[in-house]
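A.B. asks: Input: one structure, supplied below.
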Number of protein chains: 2
Amino acid sequence: MQRCCPPPTVDTTDRGAEAGLFKALGDPSRLAMLATLARADDEVCVCDFTAALPLNQPTISHHLKILREAGLVSCERRGTWVYYRLAGDARERVAAALRSVIPEAIPA
Amino acid sequence: MQRCCPPPTVDTTDRGAEAGLFKALGDPSRLAMLATLARADDEVCVCDFTAALPLNQPTISHHLKILREAGLVSCERRGTWVYYRLAGDARERVAAALRSVIPEAIPA
DNA sequence: CGCATATATTGACGCGCATCGATAATTGCC
DNA sequence: GGCAATTATCGATGCGCGTCAATATATGCG
């Protein structure tokens with residue numbers, strides 16, 4: 001191992017949190033749910049996801065749990081049905097994560 | 001399976017490409033390399049990564065290959081050393097992917 | 001209470017990923 | 001050509017992920 005030219009400036013900041021966020025975004029089905037929630041003015045029923053997506057019900061529930069634990073969505077039970085909505089700070093959280101890695105990728 | 005209330009509007013657009021991009025961002029070591037490249041004005045030598053990151057050399061090479069295949073970085077060999085740089089359209093690509101999922105997450 | 005429906009959890013399976021050691025490929029230098 | 005150094009590839013290993021069937025939990029209704 002040998003140096004080549006100038007002093008190295010490798011960013012060794014721990015980005016486990018940001019990686020966790022992006023990992024939650026790393027599945028097409030989860031992106032479909034997030035895109036739906038981001039465009040819905042109010043909440044979306046789980047039954048809509050199970051009806052529209054080509055996945056079995058436990059798989060839907062599993063993906064929603066991952067989004068929940070990532071803090072990207074929140075849910076509320078009303079009667080038999082459970083309604084999900086985009087978390088209030090989801091937009092700024094992902095934007096901040098992206099900005100922390102590639103600062104100029106987002107205006108401000 | 002039964003409807004609950006209004007017509008569902010689940011976004012079933014295929015987001016495999018966006019998910020692939022986010023999946024490439026879903027690792028702390030790869031984020032460290034990307035953050036380094038995004039802040040470096042010019043290119044960064046592989047030897048700097050192997051020297052600074054707590055990973056073995058084959059693992060570094062493996063992660064760089066993933067970033068390369070995701071189109072996020074490009075590389076050029078000069079002599080014994082290989083230099084990586086952030087791809088020219090990396091910033092707009094990730095911004096567009098994020099915007100396509102959560103439109104209001106990014107200003108423009 | 002008992003039944004039906006909606007959602008969550010559990011357990012299992014197969015595949016992909018992160019990591020490493022060993023080795024190959026490439027280049028520079030003698 | 002031969003040797004040393006840098007990077008890439010290969011093979012293997014262990015773990016995590018996406019998926020499903022089966023089951024559990026929760027709610028509403030009669």
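Every chain in the structure tokens takes a letter, A first, then B, and so on in the order presented; its residues are numbered from 1, and the ligands are numbered from 1 following the presented order.
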Put chain B on top of chain A with a least-squares fit on all C-alpha atoms, paired in order, and send it back as an mmCIF file with C-alpha atoms, in the first residue's frame.

C.D. replies:
```cif
data_model
loop_
_atom_site.group_PDB
_atom_site.id
_atom_site.type_symbol
_atom_site.label_atom_id
_atom_site.label_comp_id
_atom_site.auth_asym_id
_atom_site.auth_seq_id
_atom_site.Cartn_x
_atom_site.Cartn_y
_atom_site.Cartn_z
ATOM 1 C CA MET B 1 -0.041 -0.007 -0.086
ATOM 2 C CA GLN B 2 1.412 3.274 -1.170
ATOM 3 C CA ARG B 3 0.307 6.859 -1.685
ATOM 4 C CA CYS B 4 -0.071 8.072 -5.225
ATOM 5 C CA CYS B 5 -0.217 11.871 -5.128
ATOM 6 C CA PRO B 6 -1.853 14.441 -2.855
ATOM 7 C CA PRO B 7 -3.183 14.016 0.671
ATOM 8 C CA PRO B 8 -6.296 11.876 0.632
ATOM 9 C CA THR B 9 -9.555 13.281 1.889
ATOM 10 C CA VAL B 10 -11.846 10.306 2.256
ATOM 11 C CA ASP B 11 -15.075 11.058 4.052
ATOM 12 C CA THR B 12 -15.206 8.445 6.808
ATOM 13 C CA THR B 13 -18.313 9.849 8.451
ATOM 14 C CA ASP B 14 -20.621 7.062 9.565
ATOM 15 C CA ARG B 15 -23.598 7.089 7.236
ATOM 16 C CA GLY B 16 -25.397 4.077 8.591
ATOM 17 C CA ALA B 17 -28.557 6.080 9.158
ATOM 18 C CA GLU B 18 -28.643 7.402 5.612
ATOM 19 C CA ALA B 19 -27.863 3.952 4.234
ATOM 20 C CA GLY B 20 -30.772 2.558 6.249
ATOM 21 C CA LEU B 21 -33.101 5.111 4.703
ATOM 22 C CA PHE B 22 -31.923 4.355 1.176
ATOM 23 C CA LYS B 23 -32.159 0.644 1.859
ATOM 24 C CA ALA B 24 -35.831 1.104 2.717
ATOM 25 C CA LEU B 25 -36.200 2.812 -0.678
ATOM 26 C CA GLY B 26 -34.428 -0.021 -2.457
ATOM 27 C CA ASP B 27 -37.446 -2.095 -3.414
ATOM 28 C CA PRO B 28 -39.884 -1.461 -6.287
ATOM 29 C CA SER B 29 -42.956 -2.452 -4.266
ATOM 30 C CA ARG B 30 -42.053 -0.133 -1.418
ATOM 31 C CA LEU B 31 -41.440 2.687 -3.888
ATOM 32 C CA ALA B 32 -44.878 2.059 -5.364
ATOM 33 C CA MET B 33 -46.453 2.392 -1.930
ATOM 34 C CA LEU B 34 -44.446 5.515 -1.125
ATOM 35 C CA ALA B 35 -45.294 7.079 -4.488
ATOM 36 C CA THR B 36 -48.949 6.357 -3.828
ATOM 37 C CA LEU B 37 -48.840 7.862 -0.357
ATOM 38 C CA ALA B 38 -46.875 10.884 -1.556
ATOM 39 C CA ARG B 39 -49.546 11.640 -4.153
ATOM 40 C CA ALA B 40 -52.547 10.865 -1.979
ATOM 41 C CA ASP B 41 -53.800 13.929 -0.176
ATOM 42 C CA ASP B 42 -54.935 11.848 2.743
ATOM 43 C CA GLU B 43 -54.375 8.307 3.901
ATOM 44 C CA VAL B 44 -54.498 5.065 1.936
ATOM 45 C CA CYS B 45 -56.085 1.818 3.119
ATOM 46 C CA VAL B 46 -53.973 -1.324 3.240
ATOM 47 C CA CYS B 47 -56.678 -3.120 1.314
ATOM 48 C CA ASP B 48 -55.984 -0.842 -1.658
ATOM 49 C CA PHE B 49 -52.375 -1.983 -1.719
ATOM 50 C CA THR B 50 -53.254 -5.652 -1.460
ATOM 51 C CA ALA B 51 -55.787 -5.187 -4.237
ATOM 52 C CA ALA B 52 -53.496 -3.302 -6.610
ATOM 53 C CA LEU B 53 -50.064 -4.775 -6.072
ATOM 54 C CA PRO B 54 -49.060 -8.225 -7.339
ATOM 55 C CA LEU B 55 -48.045 -9.363 -3.868
ATOM 56 C CA ASN B 56 -49.641 -11.520 -1.272
ATOM 57 C CA GLN B 57 -51.122 -9.879 1.792
ATOM 58 C CA PRO B 58 -48.357 -10.898 4.247
ATOM 59 C CA THR B 59 -45.770 -9.461 1.877
ATOM 60 C CA ILE B 60 -47.623 -6.157 1.720
ATOM 61 C CA SER B 61 -47.758 -6.065 5.490
ATOM 62 C CA HIS B 62 -44.055 -6.854 5.663
ATOM 63 C CA HIS B 63 -43.090 -3.995 3.350
ATOM 64 C CA LEU B 64 -45.311 -1.557 5.223
ATOM 65 C CA LYS B 65 -43.587 -2.582 8.421
ATOM 66 C CA ILE B 66 -40.195 -1.808 6.899
ATOM 67 C CA LEU B 67 -41.409 1.629 5.798
ATOM 68 C CA ARG B 68 -42.875 2.170 9.265
ATOM 69 C CA GLU B 69 -39.634 1.228 11.024
ATOM 70 C CA ALA B 70 -37.746 3.528 8.679
ATOM 71 C CA GLY B 71 -39.987 6.348 9.894
ATOM 72 C CA LEU B 72 -41.248 7.045 6.387
ATOM 73 C CA VAL B 73 -44.913 6.250 7.002
ATOM 74 C CA SER B 74 -47.331 6.197 9.899
ATOM 75 C CA CYS B 75 -50.535 4.227 10.306
ATOM 76 C CA GLU B 76 -53.811 4.458 12.120
ATOM 77 C CA ARG B 77 -56.442 1.806 12.647
ATOM 78 C CA ARG B 78 -60.084 2.723 12.197
ATOM 79 C CA GLY B 79 -62.327 -0.228 12.656
ATOM 80 C CA THR B 80 -61.312 -3.213 10.650
ATOM 81 C CA TRP B 81 -59.138 -1.222 8.296
ATOM 82 C CA VAL B 82 -55.709 0.296 8.735
ATOM 83 C CA TYR B 83 -54.813 3.487 6.942
ATOM 84 C CA TYR B 84 -51.286 4.567 6.097
ATOM 85 C CA ARG B 85 -49.968 8.023 5.326
ATOM 86 C CA LEU B 86 -46.614 9.490 4.460
ATOM 87 C CA ALA B 87 -44.801 10.604 7.615
ATOM 88 C CA GLY B 88 -44.807 14.343 8.098
ATOM 89 C CA ASP B 89 -41.041 14.641 7.921
ATOM 90 C CA ALA B 90 -40.499 11.950 5.289
ATOM 91 C CA ARG B 91 -39.783 14.431 2.517
ATOM 92 C CA GLU B 92 -37.205 16.422 4.446
ATOM 93 C CA ARG B 93 -35.642 13.262 5.880
ATOM 94 C CA VAL B 94 -34.868 11.717 2.503
ATOM 95 C CA ALA B 95 -33.863 15.078 1.075
ATOM 96 C CA ALA B 96 -31.487 15.632 3.994
ATOM 97 C CA ALA B 97 -30.016 12.156 3.602
ATOM 98 C CA LEU B 98 -29.374 12.723 -0.078
ATOM 99 C CA ARG B 99 -27.968 16.175 0.566
ATOM 100 C CA SER B 100 -25.634 14.806 3.228
ATOM 101 C CA VAL B 101 -24.103 12.460 0.669
ATOM 102 C CA ILE B 102 -24.226 14.560 -2.501
ATOM 103 C CA PRO B 103 -24.658 18.156 -1.343
ATOM 104 C CA GLU B 104 -25.263 19.741 -4.736
ATOM 105 C CA ALA B 105 -27.882 17.178 -5.727
ATOM 106 C CA ILE B 106 -30.592 19.245 -4.096
ATOM 107 C CA PRO B 107 -30.947 23.040 -4.403
ATOM 108 C CA ALA B 108 -31.344 23.888 -0.760
#
```

A.B. asks: Using only C-alpha atoms (C1' of nucleotides), determine which residues lie at most 9 Å from region 21-25 of chain C, disregarding the query and same-chain residues fewer than 4 positions distant; provide the list as a list in words.

C.D. replies: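 The contact residues come out as DT7, DA8, DT9, DC10 and DG11 of chain D.
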
A.B. asks: How would the residues just chosen look if you wrote them out with N, CA and C atoms (P, O5', C5', C4', C3', O3' and C1' of nucleotides) as an mmCIF file, in the first residue's frame?

C.D. replies:
```cif
data_model
loop_
_atom_site.group_PDB
_atom_site.id
_atom_site.type_symbol
_atom_site.label_atom_id
_atom_site.label_comp_id
_atom_site.auth_asym_id
_atom_site.auth_seq_id
_atom_site.Cartn_x
_atom_site.Cartn_y
_atom_site.Cartn_z
ATOM 1 P P DT D 7 -4.927 1.342 -6.598
ATOM 2 O "O5'" DT D 7 -5.815 0.256 -7.370
ATOM 3 C "C5'" DT D 7 -5.910 0.334 -8.786
ATOM 4 C "C4'" DT D 7 -6.518 -0.931 -9.354
ATOM 5 C "C3'" DT D 7 -7.935 -1.274 -8.867
ATOM 6 O "O3'" DT D 7 -8.837 -1.155 -9.951
ATOM 7 C "C1'" DT D 7 -6.549 -3.201 -8.968
ATOM 8 P P DA D 8 -10.414 -1.532 -9.764
ATOM 9 O "O5'" DA D 8 -10.467 -3.030 -10.305
ATOM 10 C "C5'" DA D 8 -9.911 -3.336 -11.577
ATOM 11 C "C4'" DA D 8 -10.126 -4.803 -11.922
ATOM 12 C "C3'" DA D 8 -11.545 -5.323 -11.662
ATOM 13 O "O3'" DA D 8 -11.969 -6.105 -12.765
ATOM 14 C "C1'" DA D 8 -9.970 -6.656 -10.493
ATOM 15 P P DT D 9 -13.466 -6.685 -12.805
ATOM 16 O "O5'" DT D 9 -13.254 -8.241 -12.463
ATOM 17 C "C5'" DT D 9 -12.301 -8.978 -13.200
ATOM 18 C "C4'" DT D 9 -12.109 -10.370 -12.604
ATOM 19 C "C3'" DT D 9 -13.404 -11.132 -12.291
ATOM 20 O "O3'" DT D 9 -13.353 -12.410 -12.922
ATOM 21 C "C1'" DT D 9 -11.948 -11.197 -10.443
ATOM 22 P P DC D 10 -14.649 -13.363 -12.860
ATOM 23 O "O5'" DC D 10 -14.193 -14.437 -11.768
ATOM 24 C "C5'" DC D 10 -12.875 -14.982 -11.846
ATOM 25 C "C4'" DC D 10 -12.664 -16.017 -10.737
ATOM 26 C "C3'" DC D 10 -13.916 -16.813 -10.377
ATOM 27 O "O3'" DC D 10 -13.582 -18.183 -10.207
ATOM 28 C "C1'" DC D 10 -13.060 -15.743 -8.461
ATOM 29 P P DG D 11 -14.803 -19.238 -10.141
ATOM 30 O "O5'" DG D 11 -14.735 -19.752 -8.624
ATOM 31 C "C5'" DG D 11 -13.505 -19.703 -7.914
ATOM 32 C "C4'" DG D 11 -13.677 -20.208 -6.490
ATOM 33 C "C3'" DG D 11 -15.009 -20.876 -6.171
ATOM 34 O "O3'" DG D 11 -14.800 -21.927 -5.250
ATOM 35 C "C1'" DG D 11 -14.801 -18.896 -4.891
#
```

A.B. asks: Would you mind writing down, as a PDB file with C-alpha atoms, in the first residue's frame, each residue of chain B that DSSP on the backbone assigns to strand (DSSP E or B)?

C.D. replies:
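What follows is the written file part26.pdb:
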```pdb
ATOM      1  CA  VAL B  44      -9.976  10.057  -6.209  1.00  0.00           C
ATOM      2  CA  CYS B  45      -7.506   7.168  -6.330  1.00  0.00           C
ATOM      3  CA  VAL B  73     -19.270   6.833 -10.916  1.00  0.00           C
ATOM      4  CA  SER B  74     -16.797   6.491 -13.746  1.00  0.00           C
ATOM      5  CA  CYS B  75     -13.161   5.453 -13.633  1.00  0.00           C
ATOM      6  CA  GLU B  76      -9.991   5.959 -15.577  1.00  0.00           C
ATOM      7  CA  ARG B  77      -6.713   4.108 -15.325  1.00  0.00           C
ATOM      8  CA  ARG B  78      -3.487   6.081 -15.378  1.00  0.00           C
ATOM      9  CA  TRP B  81      -3.499   3.547 -10.353  1.00  0.00           C
ATOM     10  CA  VAL B  82      -7.188   3.836 -11.104  1.00  0.00           C
ATOM     11  CA  TYR B  83      -9.006   7.066 -10.423  1.00  0.00           C
ATOM     12  CA  TYR B  84     -12.730   7.355  -9.814  1.00  0.00           C
ATOM     13  CA  ARG B  85     -14.978  10.371 -10.164  1.00  0.00           C
ATOM     14  CA  LEU B  86     -18.643  11.066  -9.671  1.00  0.00           C
TER      15      LEU B  86
END
```

A.B. asks: For DC15 (chain D), find every residue with an atom within 12 Å (counting only C-alpha atoms (C1' of nucleotides)), except residues of its own chain fewer than 3 positions away, and show them as a PyMOL selection string.

C.D. replies: chain C and resi 16-19

A.B. asks: Taking the DSSP secondary structure from the backbone, can you list the residues of chain B that are helix (DSSP H, G or I), as a PDB file with C-alpha atoms, in the first residue's frame?

C.D. replies:
```pdb
ATOM      1  CA  GLY B  16     -37.349  -0.993 -10.760  1.00  0.00           C
ATOM      2  CA  ALA B  17     -34.835   1.494 -12.107  1.00  0.00           C
ATOM      3  CA  GLU B  18     -35.280   3.883  -9.205  1.00  0.00           C
ATOM      4  CA  ALA B  19     -35.150   1.008  -6.729  1.00  0.00           C
ATOM      5  CA  GLY B  20     -31.880  -0.121  -8.309  1.00  0.00           C
ATOM      6  CA  LEU B  21     -30.414   3.333  -7.806  1.00  0.00           C
ATOM      7  CA  PHE B  22     -31.504   3.493  -4.175  1.00  0.00           C
ATOM      8  CA  LYS B  23     -30.229  -0.021  -3.604  1.00  0.00           C
ATOM      9  CA  ALA B  24     -26.787   1.116  -4.742  1.00  0.00           C
ATOM     10  CA  PRO B  28     -22.614   2.880   4.398  1.00  0.00           C
ATOM     11  CA  SER B  29     -19.297   2.159   2.673  1.00  0.00           C
ATOM     12  CA  ARG B  30     -20.665   3.066  -0.734  1.00  0.00           C
ATOM     13  CA  LEU B  31     -22.142   6.262   0.693  1.00  0.00           C
ATOM     14  CA  ALA B  32     -18.737   7.121   2.126  1.00  0.00           C
ATOM     15  CA  MET B  33     -17.154   6.719  -1.296  1.00  0.00           C
ATOM     16  CA  LEU B  34     -19.899   8.726  -2.990  1.00  0.00           C
ATOM     17  CA  ALA B  35     -19.670  11.481  -0.376  1.00  0.00           C
ATOM     18  CA  THR B  36     -15.930  11.611  -0.936  1.00  0.00           C
ATOM     19  CA  LEU B  37     -16.284  11.794  -4.699  1.00  0.00           C
ATOM     20  CA  ALA B  38     -19.055  14.383  -4.472  1.00  0.00           C
ATOM     21  CA  ARG B  39     -16.818  16.654  -2.402  1.00  0.00           C
ATOM     22  CA  VAL B  46      -8.670   3.712  -5.305  1.00  0.00           C
ATOM     23  CA  CYS B  47      -5.670   3.465  -3.026  1.00  0.00           C
ATOM     24  CA  ASP B  48      -7.099   6.315  -0.943  1.00  0.00           C
ATOM     25  CA  PHE B  49     -10.257   4.317  -0.336  1.00  0.00           C
ATOM     26  CA  THR B  50      -8.396   1.158   0.589  1.00  0.00           C
ATOM     27  CA  ALA B  51      -6.221   3.188   2.932  1.00  0.00           C
ATOM     28  CA  ALA B  52      -9.048   5.048   4.657  1.00  0.00           C
ATOM     29  CA  GLN B  57      -9.134  -4.318  -0.979  1.00  0.00           C
ATOM     30  CA  PRO B  58     -11.397  -6.806  -2.824  1.00  0.00           C
ATOM     31  CA  THR B  59     -14.387  -5.432  -0.940  1.00  0.00           C
ATOM     32  CA  ILE B  60     -13.518  -1.890  -1.972  1.00  0.00           C
ATOM     33  CA  SER B  61     -13.237  -3.014  -5.563  1.00  0.00           C
ATOM     34  CA  HIS B  62     -16.570  -4.797  -5.287  1.00  0.00           C
ATOM     35  CA  HIS B  63     -18.388  -1.714  -4.004  1.00  0.00           C
ATOM     36  CA  LEU B  64     -16.834   0.478  -6.681  1.00  0.00           C
ATOM     37  CA  LYS B  65     -18.060  -1.977  -9.275  1.00  0.00           C
ATOM     38  CA  ILE B  66     -21.602  -1.702  -7.933  1.00  0.00           C
ATOM     39  CA  LEU B  67     -21.428   2.098  -8.088  1.00  0.00           C
ATOM     40  CA  ARG B  68     -20.005   1.843 -11.605  1.00  0.00           C
ATOM     41  CA  GLU B  69     -22.778  -0.475 -12.797  1.00  0.00           C
ATOM     42  CA  ALA B  90     -25.151  11.342 -10.971  1.00  0.00           C
ATOM     43  CA  ARG B  91     -26.648  14.302  -9.142  1.00  0.00           C
ATOM     44  CA  GLU B  92     -29.579  14.759 -11.494  1.00  0.00           C
ATOM     45  CA  ARG B  93     -30.149  11.003 -11.728  1.00  0.00           C
ATOM     46  CA  VAL B  94     -30.627  10.511  -7.997  1.00  0.00           C
ATOM     47  CA  ALA B  95     -32.580  13.744  -7.712  1.00  0.00           C
ATOM     48  CA  ALA B  96     -34.877  12.630 -10.533  1.00  0.00           C
ATOM     49  CA  ALA B  97     -35.358   9.217  -8.945  1.00  0.00           C
ATOM     50  CA  LEU B  98     -36.301  10.769  -5.632  1.00  0.00           C
ATOM     51  CA  ARG B  99     -38.567  13.290  -7.311  1.00  0.00           C
ATOM     52  CA  SER B 100     -40.310  10.536  -9.257  1.00  0.00           C
ATOM     53  CA  VAL B 101     -41.258   8.843  -5.996  1.00  0.00           C
ATOM     54  CA  PRO B 103     -42.379  14.805  -6.006  1.00  0.00           C
ATOM     55  CA  GLU B 104     -42.391  17.522  -3.360  1.00  0.00           C
ATOM     56  CA  ALA B 105     -39.219  16.251  -1.705  1.00  0.00           C
TER      57      ALA B 105
END
```

A.B. asks: Have a look at C:DA12, C:DC20, C:DA6, C:DC29 and name the one nearest to DG14 (chain D); count only C-alpha atoms (C1' of nucleotides).

C.D. replies: C:DC20

A.B. asks: C1' of DT23 (chain D) and C1' of DG11 (chain C), how far apart in Å?

C.D. replies: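 Computed distance, C1' of DG11 (chain C) to C1' of DT23 (chain D), equals 10.1 Å.
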
A.B. asks: What does the structure give for the distance between C1' of DT26 (chain C) and C1' of DG1 (chain D), in Å to one decimal?

C.D. replies: 16.0 Å

A.B. asks: Would you pick out the contacts of DC3 (chain C) at 12 Å or less, using only C-alpha atoms (C1' of nucleotides), so that residues sharing its chain but fewer than 2 positions from it are not included, and give the list as a ChimeraX atom specification?

C.D. replies: /C:1,5 /D:28-30

A.B. asks: Could you work out which residues of chain C fall inside 12 Å of chain A? Count only C-alpha atoms (C1' of nucleotides), and format the result as number ranges by chain.

C.D. replies: C: 4-10

A.B. asks: Counting only C-alpha atoms (C1' of nucleotides), what is within 12 Å of DC15 (chain C), bar same-chain residues fewer than 6 positions away, as an NGL selection string?

C.D. replies: :D and (16-19)
